[in-house]
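As provided, my_file.txt (compact mmCIF, C-alpha atoms) reads as follows.
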```
# COMPACT_ATOMS: atom_id res chain seq x y z
CA MET M 12 -8.69 -0.47 -16.84
CA ALA M 13 -5.08 -1.37 -16.26
CA PRO M 14 -2.61 0.88 -18.10
CA PRO M 15 -1.05 -0.64 -21.21
CA THR M 16 2.66 -1.04 -20.64
CA ALA M 17 5.54 -2.72 -22.37
CA ALA M 18 6.78 -3.96 -19.00
CA ALA M 19 5.02 -5.19 -15.87
CA ALA M 20 6.12 -3.57 -12.61
CA GLU M 21 5.48 -4.25 -8.96
CA ILE M 22 6.24 -2.09 -5.91
CA SER M 23 6.24 -4.15 -2.71
CA PRO M 24 7.01 -3.08 0.88
CA LEU M 25 10.14 -4.13 2.74
CA PRO M 26 10.48 -4.00 6.54
CA PRO M 27 10.68 -0.36 7.72
CA LEU M 28 13.87 1.09 9.13
CA HIS M 29 13.97 1.12 12.90
CA PRO M 30 13.25 2.70 15.19
CA ASP M 31 10.20 4.65 14.03
CA LEU M 32 10.76 8.37 14.59
CA CYS M 33 7.22 8.85 15.96
CA GLN M 34 7.01 12.38 14.52
CA ARG M 35 6.73 14.00 11.11
CA ALA M 36 9.84 13.43 8.99
CA TRP M 37 10.61 15.55 5.95
CA ALA M 38 13.06 13.69 3.73
CA SER M 39 15.64 10.90 3.64
CA VAL M 40 18.91 11.63 1.86
CA PRO M 41 21.28 8.79 0.85
CA HIS M 42 25.01 9.29 1.10
CA PRO M 43 26.54 9.34 -2.41
CA THR M 44 28.87 6.37 -1.75
CA LEU M 45 28.30 4.92 1.74
CA PRO M 46 25.34 2.91 3.11
CA LEU M 47 23.97 5.82 5.14
CA LEU M 48 20.67 7.72 5.05
CA ALA M 49 20.03 11.09 6.75
CA THR M 50 16.46 11.94 7.81
CA PRO M 51 15.56 15.41 9.18
CA HIS M 52 12.73 15.57 11.74
CA ALA M 53 11.89 18.10 14.46
CA THR M 54 15.19 19.80 15.39
CA LEU M 55 17.16 16.60 14.75
CA VAL M 56 18.61 14.50 11.98
CA THR M 57 18.63 10.73 12.42
CA VAL M 58 21.21 8.87 10.35
CA PHE M 59 20.29 5.27 9.48
CA SER M 60 22.58 2.47 8.35
CA LEU M 61 21.39 0.89 5.11
CA ALA M 62 23.39 -2.20 6.04
CA THR M 63 21.56 -2.91 9.30
CA LEU M 64 18.39 -0.89 8.47
CA SER M 65 18.69 0.65 11.92
CA LYS M 66 19.79 3.88 13.58
CA HIS M 67 23.43 4.78 13.17
CA SER M 68 23.57 8.15 14.96
CA VAL M 69 21.65 11.35 15.73
CA LEU M 70 22.56 14.99 15.09
CA SER M 71 21.11 17.18 17.83
CA GLY M 72 21.63 20.50 19.59
CA GLY M 73 22.57 22.58 16.56
CA HIS M 74 19.28 24.21 15.58
CA ALA M 75 16.59 26.06 17.53
CA ARG M 76 13.78 25.26 15.07
CA SER M 77 12.73 22.47 12.72
CA VAL M 78 15.37 20.98 10.41
CA ARG M 79 13.79 20.58 6.96
CA ALA M 80 16.69 19.71 4.64
CA ALA M 81 20.06 17.95 4.63
CA THR M 82 22.83 17.21 2.14
CA TRP M 83 26.07 15.21 2.27
CA GLN M 84 29.30 16.88 1.18
CA PRO M 85 30.97 14.71 -1.49
CA GLY M 86 34.66 14.13 -2.09
CA LEU M 87 35.91 13.92 1.49
CA ALA M 88 38.73 11.67 2.71
CA PRO M 89 37.82 8.05 3.64
CA GLY M 90 36.34 7.77 7.12
CA LYS M 91 35.19 11.39 7.18
CA LEU M 92 31.61 12.60 6.88
CA ARG M 93 30.16 16.08 6.61
CA LEU M 94 26.46 16.86 6.59
CA VAL M 95 24.86 20.27 6.05
CA THR M 96 21.42 20.92 7.52
CA GLY M 97 18.92 23.64 6.64
CA SER M 98 16.62 24.87 9.39
CA PHE M 99 13.62 27.06 10.00
CA ASP M 100 15.88 29.07 12.35
CA ALA M 101 17.18 30.70 9.11
CA THR M 102 20.60 29.05 9.30
CA ALA M 103 22.50 26.20 7.69
CA GLY M 104 24.64 24.07 9.97
CA LEU M 105 27.82 22.09 9.18
CA TRP M 106 28.37 18.81 11.04
CA SER M 107 31.34 16.43 10.90
CA TRP M 108 31.95 12.81 11.90
CA ASP M 109 35.33 11.13 12.19
CA GLY M 110 34.26 7.89 13.86
CA GLY M 111 35.00 5.49 11.01
CA MET M 112 32.60 3.46 8.93
CA GLU M 113 33.29 -0.12 10.02
CA ARG M 114 29.91 -0.89 11.54
CA GLU M 115 27.96 0.64 8.65
CA VAL M 116 29.41 -1.69 6.04
CA THR M 117 28.96 -4.86 8.14
CA ALA M 118 25.33 -5.95 8.07
CA ASN M 119 25.11 -7.98 11.28
CA GLY M 120 21.44 -7.26 11.85
CA GLY M 121 22.15 -5.55 15.15
CA GLU M 122 21.86 -1.96 16.29
CA GLU M 123 25.20 -0.65 17.47
CA GLU M 124 25.49 2.56 19.40
CA GLY M 125 28.72 3.90 17.93
CA ASN M 126 31.12 3.33 20.86
CA GLY M 127 30.75 6.93 22.01
CA GLU M 128 31.47 8.56 18.66
CA GLU M 129 29.33 11.64 18.02
CA TRP M 130 28.65 14.23 15.39
CA GLU M 131 30.33 17.57 15.96
CA PHE M 132 28.48 20.77 15.13
CA ASN M 133 31.23 22.83 13.49
CA LEU M 134 29.84 25.94 11.89
CA VAL M 135 26.72 28.03 11.31
CA LEU M 136 26.14 29.73 7.96
CA GLU M 137 24.05 32.86 8.53
CA GLY M 138 22.58 35.27 6.03
CA HIS M 139 19.04 34.22 5.21
CA GLU M 140 16.27 36.27 6.80
CA ASN M 141 13.75 33.41 7.03
CA GLU M 142 13.48 29.64 7.02
CA VAL M 143 16.05 27.67 5.01
CA LYS M 144 14.09 25.17 2.91
CA GLY M 145 16.71 23.53 0.70
CA VAL M 146 20.45 22.79 0.65
CA ALA M 147 22.62 21.12 -2.02
CA PHE M 148 26.32 20.61 -2.83
CA ASN M 149 27.71 20.74 -6.34
CA PRO M 150 29.43 17.48 -7.45
CA SER M 151 32.92 18.53 -6.32
CA GLY M 152 31.73 19.65 -2.88
CA GLN M 153 33.24 23.10 -3.41
CA TYR M 154 29.97 25.02 -3.64
CA LEU M 155 26.89 24.83 -1.42
CA ALA M 156 23.55 26.35 -2.41
CA THR M 157 20.89 27.25 0.18
CA CYS M 158 17.39 28.60 -0.45
CA SER M 159 14.84 30.21 1.76
CA ARG M 160 11.40 31.62 2.41
CA ASP M 161 13.05 35.04 2.00
CA LYS M 162 12.95 34.37 -1.81
CA SER M 163 16.74 34.22 -2.06
CA VAL M 164 19.36 31.65 -3.01
CA TRP M 165 22.82 31.86 -1.44
CA ILE M 166 25.91 30.20 -2.91
CA TRP M 167 28.72 29.45 -0.46
CA GLU M 168 32.25 28.24 -1.22
CA ASP M 169 34.29 25.83 0.86
CA VAL M 170 37.63 27.57 0.47
CA GLY M 171 39.51 24.51 1.73
CA VAL M 172 38.14 22.39 -1.13
CA ALA M 173 38.93 25.16 -3.62
CA GLY M 174 42.53 25.23 -2.37
CA GLY M 175 42.90 21.46 -2.45
CA ASP M 176 42.91 21.09 1.34
CA GLY M 177 40.03 18.84 2.32
CA GLU M 178 41.58 17.57 5.55
CA ASP M 179 40.25 20.21 7.95
CA ASP M 180 38.51 18.99 11.11
CA ASP M 181 36.54 22.12 12.03
CA GLY M 182 34.22 22.63 9.07
CA GLY M 183 36.71 24.62 7.03
CA GLU M 184 36.57 28.20 5.86
CA TRP M 185 33.46 29.30 3.99
CA GLU M 186 32.78 32.41 1.92
CA THR M 187 29.64 33.82 0.35
CA VAL M 188 29.97 33.68 -3.43
CA ALA M 189 26.60 35.06 -4.52
CA VAL M 190 23.11 36.00 -3.37
CA LEU M 191 20.43 35.45 -6.03
CA ASN M 192 17.19 37.41 -5.62
CA GLU M 193 15.14 37.04 -8.80
CA HIS M 194 12.43 34.65 -7.61
CA GLU M 195 9.15 36.30 -6.65
CA GLY M 196 8.18 33.69 -4.07
CA ASP M 197 9.70 31.37 -1.48
CA VAL M 198 12.47 29.26 -2.98
CA LYS M 199 11.72 25.65 -2.17
CA ALA M 200 14.55 23.61 -3.71
CA VAL M 201 18.03 23.84 -5.28
CA ALA M 202 19.86 21.30 -7.47
CA TRP M 203 23.25 21.33 -9.24
CA CYS M 204 23.84 19.79 -12.64
CA PRO M 205 25.45 16.39 -11.94
CA ASP M 206 28.85 15.20 -13.09
CA VAL M 207 27.70 12.57 -15.57
CA PRO M 208 29.01 10.96 -18.76
CA GLY M 209 27.87 12.97 -21.75
CA ARG M 210 28.34 16.39 -20.24
CA THR M 211 31.51 16.88 -22.28
CA GLY M 212 29.35 16.72 -25.40
CA HIS M 213 27.71 19.95 -24.24
CA SER M 214 30.85 21.62 -23.00
CA ARG M 215 29.15 24.71 -21.69
CA TYR M 216 27.57 22.57 -19.00
CA SER M 217 30.08 22.34 -16.20
CA ALA M 218 29.10 21.06 -12.76
CA ASP M 219 28.52 24.64 -11.66
CA VAL M 220 25.07 25.10 -13.19
CA LEU M 221 22.31 25.55 -10.62
CA ALA M 222 18.53 25.09 -10.91
CA THR M 223 16.07 26.50 -8.37
CA ALA M 224 12.34 25.87 -7.78
CA SER M 225 9.94 28.36 -6.24
CA TYR M 226 6.48 29.15 -4.94
CA ASP M 227 6.26 31.61 -7.86
CA ASN M 228 5.50 28.54 -10.07
CA THR M 229 8.81 28.82 -11.96
CA VAL M 230 12.21 27.18 -12.19
CA ARG M 231 15.33 29.25 -12.87
CA ILE M 232 18.71 28.19 -14.26
CA TRP M 233 21.84 30.01 -13.04
CA ARG M 234 25.54 30.09 -13.84
CA GLU M 235 28.55 32.42 -13.79
CA ASP M 236 29.16 35.04 -16.46
CA SER M 237 32.55 36.20 -17.69
CA ASP M 238 32.86 38.65 -14.79
CA GLY M 239 32.34 35.92 -12.20
CA GLU M 240 28.78 37.05 -11.46
CA TRP M 241 26.01 34.48 -11.06
CA VAL M 242 23.17 35.25 -13.46
CA CYS M 243 19.82 33.74 -14.36
CA VAL M 244 20.07 32.34 -17.90
CA SER M 245 16.57 30.87 -18.21
CA VAL M 246 13.13 30.86 -16.59
CA LEU M 247 11.10 27.66 -17.00
CA GLU M 248 7.38 28.43 -16.97
CA GLY M 249 4.58 25.91 -17.35
CA HIS M 250 3.46 24.76 -13.91
CA ASP M 251 0.23 26.29 -12.57
CA ALA M 252 1.20 26.14 -8.90
CA THR M 253 4.18 25.92 -6.55
CA VAL M 254 7.11 23.92 -7.91
CA TRP M 255 7.98 21.73 -4.93
CA GLY M 256 11.23 20.39 -6.28
CA LEU M 257 13.42 19.34 -9.18
CA GLN M 258 16.12 16.89 -10.22
CA TRP M 259 18.58 16.79 -13.11
CA GLU M 260 18.64 13.58 -15.12
CA PRO M 261 21.36 11.51 -13.39
CA LYS M 262 22.04 9.14 -16.29
CA PRO M 263 21.47 10.69 -19.74
CA LYS M 264 20.20 8.32 -22.43
CA ASP M 265 22.44 9.95 -25.04
CA ASP M 266 24.30 13.15 -25.79
CA LYS M 267 21.38 14.62 -27.74
CA THR M 268 19.07 14.72 -24.72
CA PHE M 269 21.57 16.14 -22.22
CA PRO M 270 20.82 18.08 -20.13
CA ARG M 271 17.27 17.35 -18.95
CA LEU M 272 15.54 18.52 -15.80
CA MET M 273 12.52 17.03 -13.99
CA THR M 274 10.18 19.28 -11.99
CA PHE M 275 7.17 18.42 -9.83
CA SER M 276 4.46 20.67 -8.56
CA ALA M 277 1.39 21.42 -6.49
CA ASP M 278 -0.53 21.30 -9.80
CA ALA M 279 -0.21 17.47 -9.55
CA THR M 280 2.04 17.21 -12.63
CA ILE M 281 5.61 16.11 -13.30
CA ARG M 282 7.38 17.73 -16.25
CA VAL M 283 10.64 17.00 -18.07
CA TRP M 284 12.50 19.93 -19.65
CA THR M 285 15.25 19.76 -22.29
CA LEU M 286 17.79 22.41 -23.27
CA GLN M 287 17.20 23.48 -26.87
CA GLN M 288 20.19 23.97 -29.17
CA ASP M 289 20.24 24.66 -32.88
CA GLU M 290 22.82 23.25 -35.28
CA GLU M 291 24.93 26.42 -35.18
CA ASP M 292 25.23 26.21 -31.40
CA GLU M 293 26.25 22.56 -31.56
CA GLU M 294 28.83 23.17 -34.30
CA ALA M 295 30.28 26.11 -32.33
CA GLU M 296 30.64 23.88 -29.28
CA ARG M 297 32.38 21.16 -31.27
CA GLN M 298 34.84 23.68 -32.69
CA GLU M 299 35.48 25.17 -29.26
CA ALA M 300 36.01 21.73 -27.75
CA SER M 301 38.44 20.67 -30.47
CA SER M 302 40.53 23.84 -30.09
CA ASN M 303 40.40 23.77 -26.26
CA ALA M 304 39.36 27.41 -26.34
CA PHE M 305 38.22 27.57 -22.74
CA ARG M 306 39.00 29.81 -19.82
CA PRO M 307 39.18 27.71 -16.63
CA ALA M 308 37.66 30.46 -14.49
CA TRP M 309 34.51 30.18 -16.56
CA GLY M 310 33.84 26.60 -15.44
CA GLY M 311 34.24 25.04 -18.87
CA ILE M 312 31.89 27.37 -20.75
CA PRO M 313 33.16 28.27 -24.25
CA ASN M 314 34.08 31.89 -24.99
CA THR M 315 31.44 32.08 -27.72
CA MET M 316 28.71 31.33 -25.23
CA ARG M 317 29.77 34.21 -23.01
CA ARG M 318 28.51 36.71 -25.53
CA GLU M 319 24.96 35.51 -24.99
CA LEU M 320 24.16 33.41 -21.93
CA ARG M 321 20.45 33.15 -22.48
CA GLU M 322 19.22 29.55 -22.73
CA GLU M 323 16.06 28.15 -24.24
CA TRP M 324 14.46 25.26 -22.38
CA GLU M 325 11.38 23.40 -23.58
CA CYS M 326 8.98 21.17 -21.70
CA THR M 327 9.42 18.00 -23.76
CA ALA M 328 7.35 15.61 -21.65
CA ILE M 329 4.56 15.52 -19.09
CA LEU M 330 4.44 12.26 -17.16
CA PRO M 331 1.15 10.31 -17.04
CA LYS M 332 -1.32 11.54 -14.46
CA ALA M 333 -1.08 9.40 -11.33
CA HIS M 334 -1.74 11.90 -8.53
CA THR M 335 -4.96 13.59 -7.48
CA ARG M 336 -3.27 16.24 -5.34
CA GLU M 337 0.12 17.91 -4.90
CA VAL M 338 3.25 16.04 -5.97
CA TYR M 339 5.68 16.67 -3.11
CA SER M 340 8.58 14.59 -4.36
CA ALA M 341 9.89 12.71 -7.39
CA THR M 342 13.12 10.82 -7.94
CA TRP M 343 14.97 9.80 -11.12
CA SER M 344 17.06 6.63 -10.91
CA ALA M 345 20.69 6.70 -12.03
CA GLY M 346 20.62 2.94 -12.43
CA SER M 347 17.37 2.09 -14.21
CA SER M 348 16.32 5.59 -15.41
CA LEU M 349 12.89 4.94 -13.86
CA VAL M 350 11.07 7.80 -12.12
CA ALA M 351 9.04 7.45 -8.90
CA SER M 352 6.82 10.07 -7.29
CA THR M 353 4.66 10.67 -4.23
CA GLY M 354 2.65 13.40 -2.58
CA SER M 355 -0.18 14.56 -0.40
CA ASP M 356 -2.52 11.87 -1.76
CA GLY M 357 -0.31 9.11 -0.31
CA ILE M 358 0.17 7.49 -3.72
CA ILE M 359 3.52 6.06 -4.82
CA ALA M 360 3.83 5.98 -8.62
CA LEU M 361 6.43 4.45 -10.92
CA TYR M 362 7.09 5.60 -14.50
CA GLY M 363 9.24 4.37 -17.38
CA GLU M 364 10.37 6.06 -20.57
CA GLY M 365 10.25 4.45 -23.98
CA SER M 366 10.30 6.10 -27.39
CA PRO M 367 7.59 8.36 -28.82
CA GLU M 368 7.03 5.72 -31.52
CA GLU M 369 6.36 3.06 -28.87
CA ASP M 370 3.99 5.46 -27.14
CA VAL M 371 1.96 6.02 -30.30
CA GLU M 372 1.90 2.28 -31.07
CA MET M 373 0.73 1.43 -27.55
CA ALA M 374 -1.95 4.10 -27.64
CA SER M 375 -3.17 2.79 -30.98
CA ASP M 376 -3.28 -0.79 -29.75
CA ALA M 377 -5.21 0.24 -26.64
CA ASN M 378 -7.48 2.64 -28.54
CA LEU M 379 -6.15 5.49 -26.39
CA LYS M 380 -4.94 8.94 -27.17
CA ALA M 381 -1.30 9.46 -26.07
CA THR M 382 -1.78 12.68 -24.17
CA PRO M 383 -1.06 13.70 -20.58
CA GLY M 384 -3.78 12.45 -18.29
CA SER M 385 -4.87 9.51 -20.47
CA THR M 386 -4.73 6.18 -18.73
CA GLY M 387 -1.14 5.09 -18.30
CA LEU M 388 0.30 7.33 -21.01
CA GLY M 389 2.17 10.63 -20.99
CA THR M 390 4.03 12.49 -23.71
CA ASN M 391 7.21 11.42 -25.50
CA GLY M 392 7.11 7.78 -24.49
CA TRP M 393 6.56 8.06 -20.73
CA ARG M 394 4.13 5.57 -19.23
CA LEU M 395 2.80 4.70 -15.82
CA LEU M 396 4.13 1.29 -14.72
CA ALA M 397 2.71 0.82 -11.22
CA THR M 398 1.05 2.60 -8.31
CA VAL M 399 0.62 1.96 -4.60
CA ALA M 400 -2.26 3.64 -2.77
CA ASP M 401 -1.97 4.82 0.85
CA GLY M 402 1.76 4.06 1.04
CA HIS M 403 1.88 5.38 4.61
CA GLY M 404 -1.72 4.64 5.52
CA SER M 405 -3.71 7.82 6.13
CA TYR M 406 -0.56 9.96 6.39
CA GLU M 407 0.91 12.23 3.72
CA ILE M 408 4.22 11.17 2.16
CA ASN M 409 6.72 14.03 2.04
CA HIS M 410 9.63 12.50 0.15
CA ILE M 411 10.73 9.61 -2.05
CA THR M 412 14.23 8.65 -3.20
CA TRP M 413 16.09 5.85 -4.92
CA CYS M 414 19.01 4.34 -3.02
CA ARG M 415 21.18 1.26 -3.24
CA ARG M 416 20.59 -1.74 -1.02
CA PHE M 417 23.28 -2.97 1.39
CA ASP M 418 21.12 -5.07 3.72
CA ALA M 419 21.10 -8.84 4.20
CA GLY M 420 17.94 -9.19 2.11
CA THR M 421 19.76 -8.74 -1.19
CA ASP M 422 22.52 -10.71 -2.88
CA ARG M 423 23.46 -7.68 -5.00
CA LYS M 424 24.68 -5.33 -2.29
CA GLY M 425 25.63 -1.92 -3.58
CA GLU M 426 23.96 -2.64 -6.93
CA GLU M 427 20.26 -3.36 -6.43
CA GLU M 428 18.13 -0.24 -6.00
CA MET M 429 15.12 0.29 -3.76
CA LEU M 430 12.81 3.19 -3.01
CA ILE M 431 12.66 4.95 0.35
CA THR M 432 9.60 6.98 1.38
CA THR M 433 9.40 9.39 4.32
CA GLY M 434 6.13 10.65 5.75
CA ASP M 435 4.14 12.39 8.43
CA ASP M 436 3.92 9.14 10.42
CA GLY M 437 7.67 9.24 11.09
CA VAL M 438 8.19 5.84 9.45
CA ILE M 439 11.02 5.36 6.93
CA ARG M 440 9.71 2.77 4.47
CA PRO M 441 11.82 0.86 1.91
CA TRP M 442 10.14 -0.56 -1.19
CA GLN M 443 11.34 -3.23 -3.58
CA VAL M 444 10.76 -2.56 -7.29
CA ARG M 445 10.47 -5.45 -9.73
CA ILE M 446 10.31 -5.02 -13.50
CA SER M 447 9.56 -7.97 -15.78
```
What does the file become when written as structure tokens?
Amino acid sequence: MAPPTAAAAEISPLPPLHPDLCQRAWASVPHPTLPLLATPHATLVTVFSLATLSKHSVLSGGHARSVRAATWQPGLAPGKLRLVTGSFDATAGLWSWDGGMEREVTANGGEEEGNGEEWEFNLVLEGHENEVKGVAFNPSGQYLATCSRDKSVWIWEDVGVAGGDGEDDDGGEWETVAVLNEHEGDVKAVAWCPDVPGRTGHSRYSADVLATASYDNTVRIWREDSDGEWVCVSVLEGHDATVWGLQWEPKPKDDKTFPRLMTFSADATIRVWTLQQDEEDEEAERQEASSNAFRPAWGGIPNTMRRELREEWECTAILPKAHTREVYSATWSAGSSLVASTGSDGIIALYGEGSPEEDVEMASDANLKATPGSTGLGTNGWRLLATVADGHGSYEINHITWCRRFDAGTDRKGEEEMLITTGDDGVIRPWQVRIS
């Protein structure tokens, strides 16, 4: 029976990016502002142009083993790019490009070779004892988090950004800020709280709040204390297997729900977590905000919160069951607020969030119980809108992400969103999403 939904949705394939990589690819990471997409595979990273849907450049020669993760450094000067890669050789590498962006923003349908411009491998960050599995910059680009099979998370600081000098050409000067060792299993993913409207309403949440996901089935939340030490302020428990990844909500619905965090797991579930605050906490924050009683070194966290950093997070939603096996990746749209997921079963699933009242009404109309796992319905208003089976044929899909379209097939360049999936077949597949 088709799931009851308030909106009809369709996920349809677009022509794949070319060329095919012809080997397992792990993820595809959009640049935060430019029409570029970085895809790690083997010991390389291929960068695609989202304007031409073809290869822009290749990063090679920096790592001895497989590159599994990549992240773009935000906030650089126009015409400059910096990419950080995480590798199974236990290092993170810093790469820079100064070749200009002219051909990426002109969708001429051709594949240009870059006129000899190349990526430069600037710097190696060493410290992890085993494979680096995840890398992420905070919104300002000042801090980089890396995580590893060695169960640790390292936080690095770009001293040039901190000092206001972002014009270096050699990768800058980097220092180790913290090494976090509280996870009991491999740390799979790291994510910083985004710089989004609404964060000022919860003033203790600066951009320098970090979430980490692990093979120990937990998620941990970290931030600095009054002595400048990074501490774990909460442990999110609920998944029954490895937490493969996580994402902060990029576009909060309102101040009352901020912040929220999405996690996805080998237990085939996707959960949404919300920070719990009582009325006294909220009133204290309002008073602190009105009096500007902050210490800048504390990253915008009120003095009153420094006496007790412990946070209470609650799992406030479980998305409808769409997957039969591990959920490897999920992505939360900043434009539409829709969520998409994929995993080892090759399914691509799309979810939308309504209100709990709508959820109950829909369940009643369909003679269904609004509980996780019931057809098309999750908890707190989430519903399954559409699925695609065997998105990459018989191959597993390792990653899914939203990104903006810049190609000739759209008349809303830079505005319309599409999905990108990356799989074991080495094909980078775009998908058009229609909601009616």
Quick one: everything within 7 Å of Arg234 of chain M, counting all atoms listed in the file, minus sequence neighbours fewer than 6 positions away in the same chain. Send it as a ChimeraX atom specification. /M:219-221,241-243
Residue with smallest distance to Ser77 of chain M - pool M:Pro51, M:Gly404, M:Pro89, M:Gly239, counting all atoms listed in the file: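 Nearest candidate to Ser77 of chain M out of M:Pro51, M:Gly404, M:Pro89, M:Gly239: M:Pro51.
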Using all atoms listed in the file, which residues sit within 10 Å of segment 160-162 of chain M once same-chain residues fewer than 2 positions away are excluded, as a list of chain:residue names?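 Answer for this query is M:Phe99, M:Ala101, M:His139, M:Glu140, M:Asn141, M:Glu142, M:Val143, M:Lys144, M:Gly145, M:Cys158, M:Val164, M:Leu191, M:Asn192, M:Glu193, M:His194, M:Glu195, M:Gly196, M:Asp197, M:Val198, M:Lys199, M:Ser225, M:Tyr226, M:Asp227.
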Given all atoms listed in the file as the counted atoms, nearest of M:Asp206, M:Glu21, M:Asp418, M:Glu131 to Trp259 of chain M: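 For Trp259 of chain M, the nearest of the candidates is M:Asp206.
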Restricting the calculation to all atoms listed in the file: of M:Trp255, M:Trp185, M:Phe148, M:Trp108, which residue gets closest to Ala200 of chain M? M:Trp255
